[in-house]
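> Coordinates in input-v8.pdb, PDB, C-alpha atoms, are listed below.
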ATOM      1  CA  MET A 144       7.369 126.012 -97.680
ATOM      2  CA  THR A 145       7.292 128.206 -94.581
ATOM      3  CA  THR A 146       6.734 126.824 -91.114
ATOM      4  CA  ASP A 147       3.633 129.012 -90.902
ATOM      5  CA  LEU A 148       2.059 127.332 -93.922
ATOM      6  CA  ILE A 149       2.858 123.867 -92.570
ATOM      7  CA  VAL A 150       1.052 124.800 -89.366
ATOM      8  CA  MET A 151      -1.898 126.160 -91.372
ATOM      9  CA  LEU A 152      -2.161 122.926 -93.372
ATOM     10  CA  ASP A 153      -2.289 120.877 -90.151
ATOM     11  CA  ILE A 154      -5.052 123.150 -88.847
ATOM     12  CA  ALA A 155      -6.953 122.836 -92.128
ATOM     13  CA  LEU A 156      -6.733 119.038 -91.990
ATOM     14  CA  ASP A 157      -8.063 119.097 -88.427
ATOM     15  CA  ALA A 158     -10.920 121.393 -89.425
ATOM     16  CA  VAL A 159     -11.949 119.312 -92.433
ATOM     17  CA  ARG A 160     -11.834 116.077 -90.442
ATOM     18  CA  ARG A 161     -14.419 117.578 -88.093
ATOM     19  CA  GLY A 162     -16.744 118.244 -90.996
ATOM     20  CA  ALA A 163     -16.125 114.820 -92.505
ATOM     21  CA  ARG A 164     -16.990 113.133 -89.205
ATOM     22  CA  ARG A 165     -20.340 114.914 -89.264
ATOM     23  CA  LEU A 166     -20.963 113.705 -92.799
ATOM     24  CA  LYS A 167     -20.206 110.125 -91.775
ATOM     25  CA  THR A 168     -22.251 110.084 -88.588
ATOM     26  CA  GLN A 169     -25.121 112.532 -89.047
ATOM     27  CA  ALA A 170     -27.991 112.318 -91.520
ATOM     28  CA  VAL A 171     -29.641 115.217 -93.301
ATOM     29  CA  GLN A 172     -32.839 116.170 -91.480
ATOM     30  CA  GLN A 173     -33.958 119.128 -93.570
ATOM     31  CA  VAL A 174     -33.501 120.116 -97.207
ATOM     32  CA  ILE A 175     -33.947 123.838 -97.757
ATOM     33  CA  ALA A 176     -34.808 125.190-101.215
ATOM     34  CA  GLN A 177     -32.326 127.837-102.275
ATOM     35  CA  GLY A 178     -33.108 129.663-105.503
ATOM     36  CA  ASP A 179     -33.651 128.040-108.874
ATOM     37  CA  ARG A 180     -33.243 124.238-108.617
ATOM     38  CA  ASP A 181     -30.706 124.536-105.826
ATOM     39  CA  ALA A 182     -30.796 123.559-102.172
ATOM     40  CA  THR A 183     -28.892 123.520 -98.931
ATOM     41  CA  THR A 184     -29.438 121.339 -95.871
ATOM     42  CA  ASP A 185     -29.349 121.617 -92.116
ATOM     43  CA  LEU A 186     -26.115 119.599 -92.241
ATOM     44  CA  ASP A 187     -24.421 122.185 -94.491
ATOM     45  CA  HIS A 188     -25.107 124.806 -91.818
ATOM     46  CA  ILE A 189     -24.088 122.573 -88.899
ATOM     47  CA  ILE A 190     -20.747 121.698 -90.520
ATOM     48  CA  GLU A 191     -20.064 125.277 -91.520
ATOM     49  CA  ARG A 192     -20.681 126.611 -87.995
ATOM     50  CA  GLU A 193     -18.486 123.924 -86.418
ATOM     51  CA  VAL A 194     -15.585 124.272 -88.856
ATOM     52  CA  LEU A 195     -15.587 128.087 -88.858
ATOM     53  CA  ALA A 196     -15.772 128.174 -85.053
ATOM     54  CA  PHE A 197     -12.764 125.842 -84.887
ATOM     55  CA  LEU A 198     -10.826 128.035 -87.323
ATOM     56  CA  ALA A 199     -11.748 131.176 -85.378
ATOM     57  CA  GLU A 200     -10.359 129.581 -82.223
ATOM     58  CA  ARG A 201      -7.156 128.262 -83.822
ATOM     59  CA  THR A 202      -6.432 131.194 -86.176
ATOM     60  CA  PRO A 203      -8.181 134.268 -84.735
ATOM     61  CA  GLY A 204      -6.200 136.636 -86.941
ATOM     62  CA  ILE A 205      -7.415 135.115 -90.213
ATOM     63  CA  ASP A 206     -10.833 135.971 -91.642
ATOM     64  CA  ARG A 207     -13.247 133.247 -92.670
ATOM     65  CA  PHE A 208     -15.704 132.936 -95.565
ATOM     66  CA  GLY A 209     -18.318 130.174 -95.760
ATOM     67  CA  GLU A 210     -20.668 129.367 -98.608
ATOM     68  CA  GLU A 211     -23.708 129.430 -96.319
ATOM     69  CA  SER A 212     -22.889 132.289 -93.942
ATOM     70  CA  GLY A 213     -20.719 134.458 -96.189
ATOM     71  CA  GLY A 214     -18.045 136.749 -94.823
ATOM     72  CA  ASN A 215     -15.759 139.446 -96.133
ATOM     73  CA  PRO A 216     -14.857 138.373 -99.710
ATOM     74  CA  THR A 217     -12.144 141.024-100.078
ATOM     75  CA  THR A 218      -9.914 140.192 -97.112
ATOM     76  CA  PRO A 219      -6.431 139.458 -98.492
ATOM     77  CA  ARG A 220      -5.867 136.349 -96.353
ATOM     78  CA  ARG A 221      -8.854 134.210 -95.469
ATOM     79  CA  TRP A 222     -10.154 130.698 -95.033
ATOM     80  CA  VAL A 223     -12.723 129.716 -97.673
ATOM     81  CA  LEU A 224     -15.072 126.835 -96.843
ATOM     82  CA  ASP A 225     -17.654 124.815 -98.700
ATOM     83  CA  PRO A 226     -19.142 122.661 -95.921
ATOM     84  CA  ILE A 227     -20.653 120.186 -98.391
ATOM     85  CA  ASP A 228     -19.663 120.425-102.028
ATOM     86  CA  GLY A 229     -22.144 118.231-103.872
ATOM     87  CA  THR A 230     -25.065 118.763-101.486
ATOM     88  CA  LEU A 231     -27.664 117.381-103.906
ATOM     89  CA  ASN A 232     -25.491 114.311-104.520
ATOM     90  CA  LEU A 233     -25.609 113.702-100.761
ATOM     91  CA  VAL A 234     -29.373 114.226-100.629
ATOM     92  CA  HIS A 235     -29.876 111.711-103.446
ATOM     93  CA  GLY A 236     -27.486 109.140-101.983
ATOM     94  CA  LEU A 237     -24.805 109.623-104.649
ATOM     95  CA  PRO A 238     -21.444 109.246-102.846
ATOM     96  CA  LEU A 239     -19.691 112.132-104.626
ATOM     97  CA  TYR A 240     -19.563 114.967-102.109
ATOM     98  CA  GLY A 241     -17.162 116.373 -99.566
ATOM     99  CA  VAL A 242     -15.833 119.143 -97.368
ATOM    100  CA  SER A 243     -13.610 121.659 -99.132
ATOM    101  CA  LEU A 244     -11.372 124.182 -97.333
ATOM    102  CA  ALA A 245      -8.676 126.510 -98.642
ATOM    103  CA  LEU A 246      -6.497 129.260 -97.262
ATOM    104  CA  THR A 247      -6.201 132.005 -99.889
ATOM    105  CA  ASP A 248      -4.355 135.281-100.303
ATOM    106  CA  GLY A 249      -7.452 136.820-101.890
ATOM    107  CA  ILE A 250      -6.315 135.961-105.407
ATOM    108  CA  ARG A 251      -4.808 132.466-105.232
ATOM    109  CA  PRO A 252      -5.168 129.523-102.859
ATOM    110  CA  LEU A 253      -2.180 128.981-100.583
ATOM    111  CA  LEU A 254      -3.235 125.479 -99.531
ATOM    112  CA  GLY A 255      -6.194 123.166 -99.883
ATOM    113  CA  VAL A 256      -7.853 120.214 -98.137
ATOM    114  CA  ILE A 257     -10.739 118.147 -99.500
ATOM    115  CA  SER A 258     -12.314 115.200 -97.703
ATOM    116  CA  LEU A 259     -14.577 112.818 -99.642
ATOM    117  CA  PRO A 260     -15.864 110.731 -96.725
ATOM    118  CA  ALA A 261     -18.027 108.329 -98.721
ATOM    119  CA  LEU A 262     -14.913 107.405-100.712
ATOM    120  CA  ASP A 263     -12.636 107.405 -97.631
ATOM    121  CA  ARG A 264     -10.279 109.873 -99.306
ATOM    122  CA  THR A 265      -8.673 113.004 -97.910
ATOM    123  CA  TYR A 266      -6.634 115.192-100.241
ATOM    124  CA  CYS A 267      -4.273 117.954 -99.170
ATOM    125  CA  ALA A 268      -1.661 120.170-100.762
ATOM    126  CA  ALA A 269       0.516 123.188-100.131
ATOM    127  CA  PRO A 270       3.627 124.618-101.794
ATOM    128  CA  GLY A 271       6.738 122.663-100.989
ATOM    129  CA  ILE A 272       5.106 119.327-100.165
ATOM    130  CA  GLY A 273       3.149 118.532-103.315
ATOM    131  CA  ALA A 274      -0.292 116.946-103.304
ATOM    132  CA  TRP A 275      -1.349 113.903-101.302
ATOM    133  CA  CYS A 276      -4.280 111.561-100.836
ATOM    134  CA  ASN A 277      -4.469 109.503 -97.644
ATOM    135  CA  GLY A 278      -0.759 110.011 -97.112
ATOM    136  CA  ASN A 279       0.280 108.969-100.627
ATOM    137  CA  PRO A 280       1.652 111.387-103.234
ATOM    138  CA  ILE A 281      -0.575 111.955-106.257
ATOM    139  CA  ALA A 282       0.026 113.098-109.822
ATOM    140  CA  PRO A 283      -2.118 113.713-112.908
ATOM    141  CA  SER A 284      -2.543 111.188-115.697
ATOM    142  CA  THR A 285      -0.156 110.917-118.626
ATOM    143  CA  VAL A 286      -2.947 110.818-121.226
ATOM    144  CA  SER A 287      -2.134 113.093-124.161
ATOM    145  CA  GLY A 288      -4.932 112.397-126.653
ATOM    146  CA  LEU A 289      -8.608 113.310-126.409
ATOM    147  CA  PRO A 290      -9.780 109.867-127.627
ATOM    148  CA  GLU A 291      -8.255 108.320-124.471
ATOM    149  CA  ALA A 292      -9.411 111.066-122.101
ATOM    150  CA  MET A 293     -12.154 111.027-119.491
ATOM    151  CA  ILE A 294     -13.309 114.620-119.007
ATOM    152  CA  ALA A 295     -15.673 115.985-116.362
ATOM    153  CA  ILE A 296     -17.863 118.987-117.109
ATOM    154  CA  GLY A 297     -19.504 121.058-114.366
ATOM    155  CA  ASP A 298     -23.243 120.970-113.816
ATOM    156  CA  TYR A 299     -25.658 122.850-116.007
ATOM    157  CA  GLY A 300     -26.342 126.272-114.557
ATOM    158  CA  THR A 301     -29.322 127.477-112.568
ATOM    159  CA  GLY A 302     -30.525 130.990-111.815
ATOM    160  CA  ASP A 303     -30.835 134.114-113.919
ATOM    161  CA  ASP A 304     -27.888 133.455-116.235
ATOM    162  CA  ALA A 305     -28.681 129.747-116.734
ATOM    163  CA  PRO A 306     -29.737 130.048-120.410
ATOM    164  CA  GLN A 307     -26.429 131.674-121.398
ATOM    165  CA  ARG A 308     -24.306 129.273-119.352
ATOM    166  CA  ASN A 309     -26.197 126.231-120.531
ATOM    167  CA  ALA A 310     -25.952 127.210-124.183
ATOM    168  CA  VAL A 311     -22.173 127.178-123.766
ATOM    169  CA  ALA A 312     -22.273 123.862-121.885
ATOM    170  CA  ILE A 313     -24.368 122.261-124.627
ATOM    171  CA  ALA A 314     -21.976 123.584-127.283
ATOM    172  CA  LEU A 315     -19.101 122.138-125.272
ATOM    173  CA  HIS A 316     -20.759 118.719-125.072
ATOM    174  CA  THR A 317     -21.405 118.859-128.810
ATOM    175  CA  ALA A 318     -17.749 119.661-129.494
ATOM    176  CA  LEU A 319     -16.428 116.952-127.161
ATOM    177  CA  ALA A 320     -18.835 114.141-128.078
ATOM    178  CA  PRO A 321     -17.120 113.067-131.321
ATOM    179  CA  VAL A 322     -13.540 113.348-130.047
ATOM    180  CA  ALA A 323     -13.343 112.677-126.288
ATOM    181  CA  GLY A 324     -13.079 109.189-124.816
ATOM    182  CA  LYS A 325     -15.765 109.786-122.183
ATOM    183  CA  VAL A 326     -17.547 112.836-120.759
ATOM    184  CA  ARG A 327     -18.940 112.907-117.222
ATOM    185  CA  MET A 328     -20.965 115.308-115.065
ATOM    186  CA  LEU A 329     -20.274 114.371-111.426
ATOM    187  CA  GLY A 330     -22.028 117.245-109.640
ATOM    188  CA  SER A 331     -19.153 118.436-107.435
ATOM    189  CA  ALA A 332     -16.278 120.740-108.361
ATOM    190  CA  ALA A 333     -14.246 119.464-105.410
ATOM    191  CA  VAL A 334     -14.623 115.885-106.626
ATOM    192  CA  ASP A 335     -13.768 116.853-110.214
ATOM    193  CA  LEU A 336     -10.567 118.676-109.257
ATOM    194  CA  ALA A 337      -9.406 116.054-106.747
ATOM    195  CA  LEU A 338      -9.885 113.287-109.311
ATOM    196  CA  VAL A 339      -7.933 115.208-111.954
ATOM    197  CA  ALA A 340      -5.192 115.721-109.357
ATOM    198  CA  ASP A 341      -4.866 111.979-108.706
ATOM    199  CA  GLY A 342      -5.157 110.932-112.361
ATOM    200  CA  THR A 343      -8.596 109.309-112.144
ATOM    201  CA  LEU A 344      -9.959 111.959-114.512
ATOM    202  CA  ASP A 345      -7.866 113.482-117.265
ATOM    203  CA  ALA A 346      -9.481 116.923-117.280
ATOM    204  CA  SER A 347     -12.320 118.944-115.783
ATOM    205  CA  ILE A 348     -14.089 121.970-117.228
ATOM    206  CA  THR A 349     -16.192 124.238-115.032
ATOM    207  CA  LEU A 350     -17.920 127.229-116.629
ATOM    208  CA  GLY A 351     -17.681 129.242-113.443
ATOM    209  CA  ASN A 352     -15.325 130.161-110.640
ATOM    210  CA  ARG A 353     -16.491 130.617-107.066
ATOM    211  CA  ASP A 354     -13.847 130.471-104.360
ATOM    212  CA  TRP A 355     -15.725 128.075-102.080
ATOM    213  CA  ASP A 356     -16.207 125.629-104.965
ATOM    214  CA  MET A 357     -12.779 125.906-106.532
ATOM    215  CA  ALA A 358     -10.023 127.190-104.241
ATOM    216  CA  ALA A 359      -9.122 123.976-102.404
ATOM    217  CA  GLY A 360      -9.348 121.827-105.524
ATOM    218  CA  VAL A 361      -7.255 124.271-107.528
ATOM    219  CA  ALA A 362      -4.553 124.234-104.837
ATOM    220  CA  ILE A 363      -4.478 120.434-104.807
ATOM    221  CA  ALA A 364      -4.593 120.012-108.583
ATOM    222  CA  ARG A 365      -1.887 122.599-109.205
ATOM    223  CA  ALA A 366       0.414 121.111-106.549
ATOM    224  CA  ALA A 367      -0.044 117.677-108.142
ATOM    225  CA  GLY A 368       1.152 118.990-111.500
ATOM    226  CA  VAL A 369      -2.180 119.664-113.197
ATOM    227  CA  ALA A 370      -2.421 122.669-115.522
ATOM    228  CA  VAL A 371      -5.147 124.959-114.111
ATOM    229  CA  THR A 372      -6.171 127.837-116.366
ATOM    230  CA  ASP A 373      -8.924 130.167-117.496
ATOM    231  CA  THR A 374     -10.605 129.732-120.889
ATOM    232  CA  ASP A 375      -7.869 131.676-122.687
ATOM    233  CA  GLY A 376      -5.068 129.627-121.136
ATOM    234  CA  SER A 377      -3.995 132.268-118.627
ATOM    235  CA  PRO A 378      -3.132 130.987-115.123
ATOM    236  CA  HIS A 379      -6.230 130.487-113.015
ATOM    237  CA  ASP A 380      -6.964 132.750-110.048
ATOM    238  CA  SER A 381     -10.028 134.122-108.257
ATOM    239  CA  ARG A 382     -10.660 136.588-111.103
ATOM    240  CA  SER A 383     -10.865 133.883-113.783
ATOM    241  CA  ARG A 384     -14.211 133.283-115.464
ATOM    242  CA  THR A 385     -13.803 129.532-115.788
ATOM    243  CA  THR A 386     -11.816 126.739-114.151
ATOM    244  CA  ILE A 387     -10.052 124.412-116.557
ATOM    245  CA  ALA A 388      -7.909 121.624-115.081
ATOM    246  CA  THR A 389      -6.048 119.293-117.410
ATOM    247  CA  ALA A 390      -3.377 116.638-117.391
ATOM    248  CA  PRO A 391      -0.337 118.386-118.909
ATOM    249  CA  GLY A 392      -0.546 116.445-122.172
ATOM    250  CA  LEU A 393      -4.157 117.528-122.783
ATOM    251  CA  THR A 394      -3.995 121.252-122.100
ATOM    252  CA  ALA A 395      -3.714 122.485-125.693
ATOM    253  CA  SER A 396      -6.425 120.119-126.996
ATOM    254  CA  VAL A 397      -8.922 120.962-124.268
ATOM    255  CA  LEU A 398      -8.366 124.705-124.590
ATOM    256  CA  HIS A 399      -8.839 124.457-128.357
ATOM    257  CA  ILE A 400     -12.170 122.646-127.934
ATOM    258  CA  LEU A 401     -13.234 125.145-125.287
ATOM    259  CA  ALA A 402     -12.326 128.123-127.473
ATOM    260  CA  THR A 403     -14.464 126.701-130.276
ATOM    261  CA  ALA A 404     -17.447 126.244-127.962
ATOM    262  CA  THR A 405     -17.195 129.607-126.174
ATOM    263  CA  THR A 406     -16.322 132.030-128.987
ATOM    264  CA  GLY A 407     -18.667 135.012-128.856
ATOM    265  CA  THR A 408     -20.075 134.144-125.421
ATOM    266  CA  GLN A 409     -19.684 135.569-121.939
ATOM    267  CA  TYR A 410     -16.849 133.059-121.395
ATOM    268  CA  ASP A 411     -14.819 134.434-124.304
ATOM    269  CA  ARG A 412     -12.297 136.913-122.916
ATOM    270  CA  ARG A 413     -12.573 138.900-126.150
ATOM    271  CA  THR A 414     -16.196 139.701-125.355
ATOM    272  CA  PRO A 415     -16.613 142.684-122.961
ATOM    273  CA  CYS A 416     -18.294 141.903-119.654
TER     274      CYS A 416
END
Please re-express this file's structure in structure tokens.

Amino acid sequence: MTTDLIVMLDIALDAVRRGARRLKTQAVQQVIAQGDRDATTDLDHIIEREVLAFLAERTPGIDRFGEESGGNPTTPRRWVLDPIDGTLNLVHGLPLYGVSLALTDGIRPLLGVISLPALDRTYCAAPGIGAWCNGNPIAPSTVSGLPEAMIAIGDYGTGDDAPQRNAVAIALHTALAPVAGKVRMLGSAAVDLALVADGTLDASITLGNRDWDMAAGVAIARAAGVAVTDTDGSPHDSRSRTTIATAPGLTASVLHILATATTGTQYDRRTPC
């Protein structure tokens, strides 16, 4: 791991701690409707402004992209921030939400930091140092059979393509129900990926791939030893259609179930876009 990346990880930890402090000490004052069954809050915007301003001061030569304010999505090297992943969990008092920040090269995350303040957990990872939670090294579970596995599936979709996405999600639930130990929908990609990284969950399946949702969690999961792929088993990157994270012993089984559920859909790589 280069000295530069070590410095960047320290900066990322500092930045995320600022956002986490806001989440611990400041309540949501305004919930703002945002499209079909989605919302943001005043706190999302406050955290994003504070964290991006800090990053601009500390790393002026690196572009920044935030879920709320956007940015240049094509810059080769950029910070990618989700100020609150799991906003509606926060609004409803469900303690599964956090601040998610990654440094990417435009295709793959170089490092990731996720803070889950309601759980008092901060995860970080970068090449050369592995993945850590609260200063302790983490690793995925050793589960190798679906009957013993706890698997998280991403939320049902909203917006224009919701019917297509949800048809696949329902097919996936139908395929997993008779064979998986337990299936969960936790409402936060950052939470899902962090909990696969530390072995709490055995796999997570997200039928989507947006950098601000996924990049930090992918970096942490991969550094911990989790297999992170697209639907067809190819290595995950920003161009992937889905985000599949599995304990190493479950990869083949999960991908087989997923292939069965997604054949002939927009998530099947054999189907033209």
> Report the residues retrieved by the PyMOL selection byres ((chain A and resi 203-207) around 9) from the displayed file, expressed as a PyMOL selection string.
chain A and resi 195+198-202+208-209+213-216+218-224
> For each of A:Gly273, A:Ala170, A:Ala292, A:Thr247, take the minimum atom-to-atom distance to Arg327 in chain A, counting only C-alpha atoms, then give the residue where this is smallest.
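Checking each of A:Gly273, A:Ala170, A:Ala292, A:Thr247 against Arg327 in chain A, counting only C-alpha atoms, the winner is A:Ala292.
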> Which residues are close to range 353-369 of chain A, i.e. within 7 Å by all atoms listed in the file, leaving aside same-chain residues fewer than 5 positions away? Reply as JSON, numbers by chain.
{"A": [210, 223, 224, 225, 228, 243, 244, 245, 252, 253, 254, 255, 256, 257, 267, 268, 269, 270, 273, 274, 281, 282, 283, 332, 333, 336, 337, 339, 340, 381, 388, 389, 390, 391]}
> Report as a PyMOL selection string the residues that result from applying the PyMOL selection byres ((chain A and resi 319) around 12) to the structure here.
chain A and resi 289-290+292-296+312-318+320-327+348+396-404
> Report the distance between CA of Arg384 in chain A and CA of Asn352 in chain A in Å, rounded to one decimal place.
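Atom-to-atom, CA of Arg384 in chain A to CA of Asn352 in chain A, that is 5.9 Å.
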> So that I can see what lies close to Asp187 in chain A, please list as a PyMOL selection string the residues with an atom at most 9 Å from it, counting only C-alpha atoms and leaving out residues fewer than 6 positions away in the same chain.
chain A and resi 171+211+225-227+230
> Report the centre and edge lengths, in Å to one decimal, of an axis-aligned box enclosing every atom of range 243-256 of chain A listed in the file, padded by 6 Å on each side, as lines of an AutoDock Vina configuration file.

center_x = -7.9
center_y = 128.5
center_z = -101.3
size_x = 23.4
size_y = 28.6
size_z = 20.1
> Find, counting all atoms listed in the file, the residue in A:Ile149, A:Leu246, A:Val311, A:Leu329 that gets nearest to Leu233 in chain A.
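Among the listed residues, the smallest separation from Leu233 in chain A belongs to A:Leu329.
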> Report, in Å with one decimal, the straight-line distance from CA of Ala155 in chain A to CA of Arg251 in chain A.
16.4 Å
> Using the chain letters and numbering of this document, enumerate as a ChimeraX atom specification the residues selected by the PyMOL selection byres ((chain A and resi 183) around 9).
/A:173-177,181-182,184-188,211,227,230-231
> So how many Å separate CA of Val150 in chain A and CA of Gly278 in chain A, to one decimal?
16.8 Å
> Choose the residue, out of A:Arg382, A:Ile189, A:Met328, A:Gly392, that has the smallest atom-to-atom separation from Thr217 in chain A; count all atoms listed in the file.
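Nearest candidate to Thr217 in chain A out of A:Arg382, A:Ile189, A:Met328, A:Gly392: A:Arg382.
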> Please list, as a list in words, the residues that have an atom at most 6 Å away from (-10.7, 117.6, -95.2) in the coordinates of this file, counting all atoms listed in the file.
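In the file's frame, the residues around the point are Leu156, Val159, Arg160, Val242, Val256, Ile257, Ser258 and Thr265 of chain A.
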> Would you please work out which residue, of A:Gly351, A:Gly162, A:Gly288, A:Pro306, is nearest to Thr394 in chain A when using all atoms listed in the file?
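For Thr394 in chain A, the nearest of the given residues is A:Gly288.
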> Would you mind telling me which residue in A:Glu193, A:Ala163, A:Gly407, A:Gly229 lies nearest to Gln307 in chain A when using all atoms listed in the file?
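Ranked by minimum distance to Gln307 in chain A, first place goes to A:Gly407.
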> Kindly indicate which residue among A:Val286, A:Glu191, A:Ile154, A:Asn232 lies nearest to Ser212 in chain A, using all atoms listed in the file for the distances.
A:Glu191
> Once N, CA, C and O atoms are restored for range 255-274 of chain A, what would the output be as a PDB file, keeping the file's coordinate frame?

ATOM      1  N   GLY A 255      -4.853 123.710 -99.760  1.00  0.00           N
ATOM      2  CA  GLY A 255      -6.194 123.166 -99.883  1.00  0.00           C
ATOM      3  C   GLY A 255      -6.319 121.800 -99.242  1.00  0.00           C
ATOM      4  O   GLY A 255      -5.366 121.018 -99.237  1.00  0.00           O
ATOM      5  N   VAL A 256      -7.516 121.535 -98.690  1.00  0.00           N
ATOM      6  CA  VAL A 256      -7.853 120.214 -98.137  1.00  0.00           C
ATOM      7  C   VAL A 256      -9.257 119.862 -98.605  1.00  0.00           C
ATOM      8  O   VAL A 256     -10.173 120.687 -98.517  1.00  0.00           O
ATOM      9  N   ILE A 257      -9.425 118.660 -99.111  1.00  0.00           N
ATOM     10  CA  ILE A 257     -10.739 118.147 -99.500  1.00  0.00           C
ATOM     11  C   ILE A 257     -10.894 116.755 -98.901  1.00  0.00           C
ATOM     12  O   ILE A 257     -10.024 115.896 -99.082  1.00  0.00           O
ATOM     13  N   SER A 258     -11.991 116.535 -98.196  1.00  0.00           N
ATOM     14  CA  SER A 258     -12.314 115.200 -97.703  1.00  0.00           C
ATOM     15  C   SER A 258     -13.551 114.693 -98.433  1.00  0.00           C
ATOM     16  O   SER A 258     -14.574 115.383 -98.491  1.00  0.00           O
ATOM     17  N   LEU A 259     -13.453 113.493 -98.994  1.00  0.00           N
ATOM     18  CA  LEU A 259     -14.577 112.818 -99.642  1.00  0.00           C
ATOM     19  C   LEU A 259     -14.917 111.600 -98.779  1.00  0.00           C
ATOM     20  O   LEU A 259     -14.435 110.493 -99.033  1.00  0.00           O
ATOM     21  N   PRO A 260     -15.708 111.787 -97.738  1.00  0.00           N
ATOM     22  CA  PRO A 260     -15.864 110.731 -96.725  1.00  0.00           C
ATOM     23  C   PRO A 260     -16.498 109.451 -97.247  1.00  0.00           C
ATOM     24  O   PRO A 260     -16.146 108.366 -96.776  1.00  0.00           O
ATOM     25  N   ALA A 261     -17.408 109.554 -98.205  1.00  0.00           N
ATOM     26  CA  ALA A 261     -18.027 108.329 -98.721  1.00  0.00           C
ATOM     27  C   ALA A 261     -17.034 107.490 -99.515  1.00  0.00           C
ATOM     28  O   ALA A 261     -17.229 106.281 -99.690  1.00  0.00           O
ATOM     29  N   LEU A 262     -15.960 108.121 -99.992  1.00  0.00           N
ATOM     30  CA  LEU A 262     -14.913 107.405-100.712  1.00  0.00           C
ATOM     31  C   LEU A 262     -13.700 107.115 -99.833  1.00  0.00           C
ATOM     32  O   LEU A 262     -12.724 106.521-100.298  1.00  0.00           O
ATOM     33  N   ASP A 263     -13.754 107.557 -98.574  1.00  0.00           N
ATOM     34  CA  ASP A 263     -12.636 107.405 -97.631  1.00  0.00           C
ATOM     35  C   ASP A 263     -11.344 108.002 -98.191  1.00  0.00           C
ATOM     36  O   ASP A 263     -10.266 107.398 -98.104  1.00  0.00           O
ATOM     37  N   ARG A 264     -11.456 109.190 -98.755  1.00  0.00           N
ATOM     38  CA  ARG A 264     -10.279 109.873 -99.306  1.00  0.00           C
ATOM     39  C   ARG A 264     -10.166 111.283 -98.729  1.00  0.00           C
ATOM     40  O   ARG A 264     -11.171 112.016 -98.675  1.00  0.00           O
ATOM     41  N   THR A 265      -8.967 111.637 -98.323  1.00  0.00           N
ATOM     42  CA  THR A 265      -8.673 113.004 -97.910  1.00  0.00           C
ATOM     43  C   THR A 265      -7.460 113.492 -98.703  1.00  0.00           C
ATOM     44  O   THR A 265      -6.394 112.888 -98.667  1.00  0.00           O
ATOM     45  N   TYR A 266      -7.672 114.580 -99.412  1.00  0.00           N
ATOM     46  CA  TYR A 266      -6.634 115.192-100.241  1.00  0.00           C
ATOM     47  C   TYR A 266      -6.120 116.453 -99.559  1.00  0.00           C
ATOM     48  O   TYR A 266      -6.893 117.197 -98.944  1.00  0.00           O
ATOM     49  N   CYS A 267      -4.833 116.715 -99.696  1.00  0.00           N
ATOM     50  CA  CYS A 267      -4.273 117.954 -99.170  1.00  0.00           C
ATOM     51  C   CYS A 267      -3.086 118.370-100.007  1.00  0.00           C
ATOM     52  O   CYS A 267      -2.442 117.534-100.655  1.00  0.00           O
ATOM     53  N   ALA A 268      -2.801 119.668 -99.999  1.00  0.00           N
ATOM     54  CA  ALA A 268      -1.661 120.170-100.762  1.00  0.00           C
ATOM     55  C   ALA A 268      -1.290 121.554-100.269  1.00  0.00           C
ATOM     56  O   ALA A 268      -2.131 122.324 -99.784  1.00  0.00           O
ATOM     57  N   ALA A 269      -0.018 121.856-100.404  1.00  0.00           N
ATOM     58  CA  ALA A 269       0.516 123.188-100.131  1.00  0.00           C
ATOM     59  C   ALA A 269       1.875 123.273-100.815  1.00  0.00           C
ATOM     60  O   ALA A 269       2.513 122.241-101.077  1.00  0.00           O
ATOM     61  N   PRO A 270       2.323 124.471-101.137  1.00  0.00           N
ATOM     62  CA  PRO A 270       3.627 124.618-101.794  1.00  0.00           C
ATOM     63  C   PRO A 270       4.741 123.971-100.976  1.00  0.00           C
ATOM     64  O   PRO A 270       4.787 124.099 -99.748  1.00  0.00           O
ATOM     65  N   GLY A 271       5.588 123.256-101.649  1.00  0.00           N
ATOM     66  CA  GLY A 271       6.738 122.663-100.989  1.00  0.00           C
ATOM     67  C   GLY A 271       6.564 121.215-100.592  1.00  0.00           C
ATOM     68  O   GLY A 271       7.555 120.522-100.333  1.00  0.00           O
ATOM     69  N   ILE A 272       5.301 120.737-100.525  1.00  0.00           N
ATOM     70  CA  ILE A 272       5.106 119.327-100.165  1.00  0.00           C
ATOM     71  C   ILE A 272       4.326 118.562-101.225  1.00  0.00           C
ATOM     72  O   ILE A 272       4.086 117.371-101.077  1.00  0.00           O
ATOM     73  N   GLY A 273       3.902 119.211-102.276  1.00  0.00           N
ATOM     74  CA  GLY A 273       3.149 118.532-103.315  1.00  0.00           C
ATOM     75  C   GLY A 273       1.715 118.266-102.902  1.00  0.00           C
ATOM     76  O   GLY A 273       1.175 118.912-102.007  1.00  0.00           O
ATOM     77  N   ALA A 274       1.104 117.297-103.552  1.00  0.00           N
ATOM     78  CA  ALA A 274      -0.292 116.946-103.304  1.00  0.00           C
ATOM     79  C   ALA A 274      -0.370 115.492-102.871  1.00  0.00           C
ATOM     80  O   ALA A 274       0.341 114.629-103.406  1.00  0.00           O
TER      81      ALA A 274
END
